[in-house]
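**Student:** My file is coords_19.txt. It has compact mmCIF, N, CA and C atoms:
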# COMPACT_ATOMS: atom_id res chain seq x y z
N MET A 8 -11.03 6.82 26.81
CA MET A 8 -10.29 5.77 26.13
C MET A 8 -9.20 5.26 27.04
N LYS A 9 -8.98 4.00 26.97
CA LYS A 9 -7.96 3.34 27.77
C LYS A 9 -6.66 3.23 26.99
N SER A 10 -5.53 3.40 27.66
CA SER A 10 -4.21 3.19 27.06
C SER A 10 -3.61 1.93 27.62
N ILE A 11 -2.92 1.20 26.77
CA ILE A 11 -2.28 -0.06 27.18
C ILE A 11 -0.83 -0.01 26.74
N THR A 12 0.07 -0.45 27.59
CA THR A 12 1.48 -0.56 27.26
C THR A 12 1.84 -2.04 27.16
N ILE A 13 2.55 -2.41 26.12
CA ILE A 13 2.97 -3.80 25.94
C ILE A 13 4.48 -3.85 26.17
N HIS A 14 4.88 -4.66 27.15
CA HIS A 14 6.30 -4.80 27.49
C HIS A 14 6.89 -6.02 26.81
N ASN A 15 8.20 -5.95 26.54
CA ASN A 15 8.97 -7.09 26.01
C ASN A 15 8.36 -7.68 24.74
N LEU A 16 8.02 -6.83 23.82
CA LEU A 16 7.46 -7.28 22.54
C LEU A 16 8.54 -7.98 21.74
N ASP A 17 8.24 -9.16 21.26
CA ASP A 17 9.18 -9.95 20.47
C ASP A 17 9.65 -9.14 19.26
N THR A 18 10.95 -9.18 18.96
CA THR A 18 11.53 -8.40 17.87
C THR A 18 10.90 -8.73 16.53
N GLU A 19 10.70 -10.01 16.26
CA GLU A 19 10.10 -10.41 14.97
C GLU A 19 8.67 -9.90 14.85
N LEU A 20 7.90 -10.00 15.93
CA LEU A 20 6.52 -9.50 15.91
C LEU A 20 6.52 -7.99 15.68
N ALA A 21 7.42 -7.28 16.34
CA ALA A 21 7.52 -5.83 16.17
C ALA A 21 7.84 -5.48 14.72
N ARG A 22 8.74 -6.23 14.09
CA ARG A 22 9.09 -5.98 12.68
C ARG A 22 7.89 -6.18 11.78
N HIS A 23 7.11 -7.22 12.05
CA HIS A 23 5.92 -7.49 11.23
C HIS A 23 4.87 -6.38 11.39
N ILE A 24 4.70 -5.92 12.60
CA ILE A 24 3.74 -4.82 12.84
C ILE A 24 4.21 -3.55 12.14
N GLU A 25 5.50 -3.25 12.23
CA GLU A 25 6.05 -2.07 11.57
C GLU A 25 5.91 -2.18 10.05
N ALA A 26 6.14 -3.37 9.50
CA ALA A 26 6.00 -3.57 8.05
C ALA A 26 4.55 -3.39 7.62
N GLU A 27 3.62 -3.90 8.43
CA GLU A 27 2.19 -3.74 8.14
C GLU A 27 1.80 -2.26 8.15
N ALA A 28 2.31 -1.53 9.12
CA ALA A 28 2.02 -0.09 9.22
C ALA A 28 2.55 0.65 8.00
N ARG A 29 3.79 0.33 7.58
CA ARG A 29 4.37 0.99 6.40
C ARG A 29 3.57 0.65 5.15
N ALA A 30 3.21 -0.62 5.00
CA ALA A 30 2.48 -1.06 3.80
C ALA A 30 1.12 -0.39 3.69
N LYS A 31 0.49 -0.13 4.81
CA LYS A 31 -0.85 0.48 4.79
C LYS A 31 -0.79 2.00 4.97
N GLY A 32 0.40 2.53 5.23
CA GLY A 32 0.54 3.97 5.42
C GLY A 32 -0.12 4.47 6.69
N LEU A 33 -0.10 3.63 7.73
CA LEU A 33 -0.74 3.99 9.00
C LEU A 33 0.30 4.10 10.11
N SER A 34 -0.10 4.71 11.21
CA SER A 34 0.78 4.77 12.38
C SER A 34 0.81 3.39 13.04
N LEU A 35 1.83 3.18 13.86
CA LEU A 35 1.91 1.92 14.60
C LEU A 35 0.70 1.75 15.51
N ASN A 36 0.29 2.82 16.16
CA ASN A 36 -0.85 2.77 17.07
C ASN A 36 -2.12 2.33 16.33
N LYS A 37 -2.40 2.95 15.20
CA LYS A 37 -3.59 2.62 14.41
C LYS A 37 -3.50 1.19 13.89
N THR A 38 -2.32 0.79 13.46
CA THR A 38 -2.13 -0.57 12.94
C THR A 38 -2.40 -1.60 14.03
N ILE A 39 -1.86 -1.37 15.22
CA ILE A 39 -2.07 -2.32 16.32
C ILE A 39 -3.54 -2.37 16.70
N LYS A 40 -4.21 -1.22 16.76
CA LYS A 40 -5.64 -1.21 17.08
C LYS A 40 -6.44 -1.98 16.03
N ASN A 41 -6.09 -1.79 14.75
CA ASN A 41 -6.78 -2.53 13.68
C ASN A 41 -6.55 -4.03 13.80
N LEU A 42 -5.31 -4.44 14.06
CA LEU A 42 -4.99 -5.86 14.20
C LEU A 42 -5.74 -6.49 15.38
N LEU A 43 -5.79 -5.77 16.51
CA LEU A 43 -6.52 -6.29 17.67
C LEU A 43 -8.01 -6.40 17.38
N SER A 44 -8.58 -5.37 16.78
CA SER A 44 -10.02 -5.40 16.46
C SER A 44 -10.35 -6.54 15.52
N LYS A 45 -9.51 -6.71 14.51
CA LYS A 45 -9.74 -7.76 13.52
C LYS A 45 -9.64 -9.14 14.17
N SER A 46 -8.62 -9.34 15.01
CA SER A 46 -8.42 -10.66 15.63
C SER A 46 -9.55 -11.01 16.60
N LEU A 47 -10.22 -10.01 17.16
CA LEU A 47 -11.32 -10.24 18.09
C LEU A 47 -12.68 -10.20 17.41
N GLY A 48 -12.68 -10.06 16.09
CA GLY A 48 -13.94 -10.04 15.35
C GLY A 48 -14.72 -8.75 15.50
N LEU A 49 -14.03 -7.69 15.89
CA LEU A 49 -14.69 -6.40 16.11
C LEU A 49 -14.43 -5.41 14.99
N HIS A 50 -13.63 -5.82 14.04
CA HIS A 50 -13.22 -4.92 12.95
C HIS A 50 -14.38 -4.66 12.01
N LYS A 51 -14.73 -3.40 11.85
CA LYS A 51 -15.79 -3.03 10.93
C LYS A 51 -15.20 -2.91 9.54
N LYS A 52 -15.88 -3.46 8.58
CA LYS A 52 -15.41 -3.37 7.20
C LYS A 52 -15.51 -1.92 6.75
N GLN A 53 -14.40 -1.41 6.22
CA GLN A 53 -14.37 -0.03 5.76
C GLN A 53 -14.81 0.03 4.30
N VAL A 54 -15.60 1.03 4.01
CA VAL A 54 -16.03 1.25 2.64
C VAL A 54 -15.03 2.17 1.97
N LYS A 55 -14.50 1.74 0.84
CA LYS A 55 -13.51 2.55 0.13
C LYS A 55 -14.20 3.26 -1.02
N ASN A 56 -13.68 4.41 -1.36
CA ASN A 56 -14.24 5.20 -2.44
C ASN A 56 -13.44 5.09 -3.72
N ASP A 57 -12.56 4.11 -3.79
CA ASP A 57 -11.77 3.94 -5.00
C ASP A 57 -11.55 2.45 -5.26
N PHE A 58 -10.84 2.15 -6.30
CA PHE A 58 -10.60 0.77 -6.68
C PHE A 58 -9.14 0.38 -6.53
N SER A 59 -8.38 1.10 -5.72
CA SER A 59 -6.95 0.85 -5.60
C SER A 59 -6.64 -0.56 -5.13
N GLU A 60 -7.51 -1.14 -4.31
CA GLU A 60 -7.23 -2.50 -3.84
C GLU A 60 -7.29 -3.52 -4.97
N PHE A 61 -7.99 -3.20 -6.05
CA PHE A 61 -8.09 -4.11 -7.18
C PHE A 61 -6.96 -3.90 -8.19
N PHE A 62 -6.44 -2.70 -8.26
CA PHE A 62 -5.45 -2.37 -9.27
C PHE A 62 -4.05 -2.17 -8.70
N GLY A 63 -3.95 -2.02 -7.42
CA GLY A 63 -2.65 -1.78 -6.81
C GLY A 63 -2.22 -0.34 -6.93
N THR A 64 -1.09 -0.05 -6.38
CA THR A 64 -0.55 1.30 -6.42
C THR A 64 0.92 1.20 -6.76
N MET A 65 1.47 2.32 -7.14
CA MET A 65 2.91 2.35 -7.44
C MET A 65 3.50 3.64 -6.90
N SER A 66 4.77 3.58 -6.67
CA SER A 66 5.47 4.77 -6.19
C SER A 66 5.75 5.69 -7.37
N ALA A 67 6.16 6.91 -7.07
CA ALA A 67 6.52 7.87 -8.12
C ALA A 67 7.70 7.34 -8.94
N LYS A 68 8.65 6.69 -8.27
CA LYS A 68 9.81 6.13 -8.97
C LYS A 68 9.37 5.04 -9.95
N GLU A 69 8.46 4.16 -9.51
CA GLU A 69 7.96 3.11 -10.40
C GLU A 69 7.21 3.70 -11.59
N ALA A 70 6.46 4.75 -11.35
CA ALA A 70 5.71 5.41 -12.43
C ALA A 70 6.67 5.99 -13.47
N ARG A 71 7.78 6.60 -13.01
CA ARG A 71 8.77 7.15 -13.94
C ARG A 71 9.40 6.05 -14.78
N ILE A 72 9.69 4.92 -14.15
CA ILE A 72 10.29 3.79 -14.87
C ILE A 72 9.34 3.29 -15.95
N ILE A 73 8.07 3.16 -15.62
CA ILE A 73 7.07 2.70 -16.59
C ILE A 73 6.90 3.72 -17.72
N ASP A 74 6.82 5.00 -17.35
CA ASP A 74 6.70 6.05 -18.38
C ASP A 74 7.89 6.02 -19.33
N LYS A 75 9.09 5.83 -18.79
CA LYS A 75 10.29 5.76 -19.62
C LYS A 75 10.22 4.57 -20.56
N ALA A 76 9.75 3.42 -20.06
CA ALA A 76 9.66 2.21 -20.89
C ALA A 76 8.62 2.37 -22.00
N LEU A 77 7.60 3.18 -21.77
CA LEU A 77 6.53 3.36 -22.76
C LEU A 77 6.81 4.48 -23.78
N GLU A 78 7.84 5.28 -23.53
CA GLU A 78 8.14 6.40 -24.43
C GLU A 78 8.23 5.97 -25.89
N ASP A 79 8.94 4.90 -26.16
CA ASP A 79 9.14 4.44 -27.53
C ASP A 79 7.82 4.04 -28.19
N SER A 80 6.91 3.46 -27.43
CA SER A 80 5.64 3.02 -28.01
C SER A 80 4.71 4.20 -28.32
N GLU A 81 4.98 5.35 -27.75
CA GLU A 81 4.13 6.53 -27.98
C GLU A 81 4.62 7.37 -29.16
N ARG A 82 5.79 7.06 -29.67
CA ARG A 82 6.35 7.80 -30.79
C ARG A 82 5.68 7.35 -32.09
N ILE A 83 5.26 8.29 -32.90
CA ILE A 83 4.62 7.98 -34.19
C ILE A 83 5.64 8.16 -35.30
N ASP A 84 5.81 7.12 -36.10
CA ASP A 84 6.71 7.17 -37.24
C ASP A 84 5.88 7.47 -38.48
N ASP A 85 6.03 8.66 -39.03
CA ASP A 85 5.23 9.10 -40.18
C ASP A 85 5.36 8.15 -41.38
N GLU A 86 6.49 7.53 -41.54
CA GLU A 86 6.71 6.63 -42.68
C GLU A 86 5.76 5.42 -42.62
N ASP A 87 5.37 5.02 -41.43
CA ASP A 87 4.46 3.88 -41.30
C ASP A 87 3.05 4.21 -41.75
N TRP A 88 2.72 5.50 -41.91
CA TRP A 88 1.36 5.91 -42.25
C TRP A 88 1.24 6.46 -43.67
N GLN A 89 2.23 6.22 -44.50
CA GLN A 89 2.17 6.71 -45.87
C GLN A 89 1.95 5.60 -46.84
What's the structure tokens form of this structure?
**Tutor:**
Amino acid sequence: MKSITIHNLDTELARHIEAEARAKGLSLNKTIKNLLSKSLGLHKKQVKNDFSEFFGTMSAKEARIIDKALEDSERIDDEDWQ
């Protein structure tokens, strides 16, 4: 495998690459290789074993916020069923 060093990378471009890596949960190296492959038409479509791309994901903090908001709707008031 060949290694390549990129000198004087534009700050804005570097920020975008770093943001892409964080969003996809990948290393900078893997992100850059994916971006290069895709831009050259060499990117192989990956088969996923889940549906997360259709439904999205949430952080643990977001899940707690949603669970807290739904607490009231899960409470059963016995008076409503008599």
**Student:** Between atom CA of Glu25 of chain A and atom CA of Lys68 of chain A, what distance in Å does the model show, to one decimal?
**Tutor:** 22.4 Å
**Student:** Just give me the gap between atom N of Ser10 of chain A and atom N of Ser34 of chain A in Å, one decimal is fine.
**Tutor:**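 Separating atom N of Ser10 of chain A from atom N of Ser34 of chain A is a distance of 17.4 Å.
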**Student:** Expressed in Å to a single decimal, how great is the separation between atom CA of Asp84 of chain A and atom N of Arg71 of chain A?
**Tutor:**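 Distance between the two atoms: 24.3 Å.
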**Student:** Could you write out, as number ranges by chain, all the residues of chain A that DSSP marks as alpha helix (DSSP H)?
**Tutor:** A: 18-31, 35-46, 59-62, 67-81
**Student:** Which protein, DNA or RNA residues are at most 6 Å from (-1.9, -6.9, 11.6) in the file's coordinates when you count all atoms listed in the file, listed as a PyMOL selection string?
**Tutor:** chain A and resi 38+41-42
**Student:** Calculate, to one decimal in Å, the centre and edge lengths of the box along x, y and z of the file that holds all listed atoms of segment 74-81 of chain A with 3 Å of margin on each side, and present them as lines of an AutoDock Vina configuration file.
**Tutor:**
center_x = 7.2
center_y = 4.8
center_z = -23.3
size_x = 12.2
size_y = 11.2
size_z = 17.8
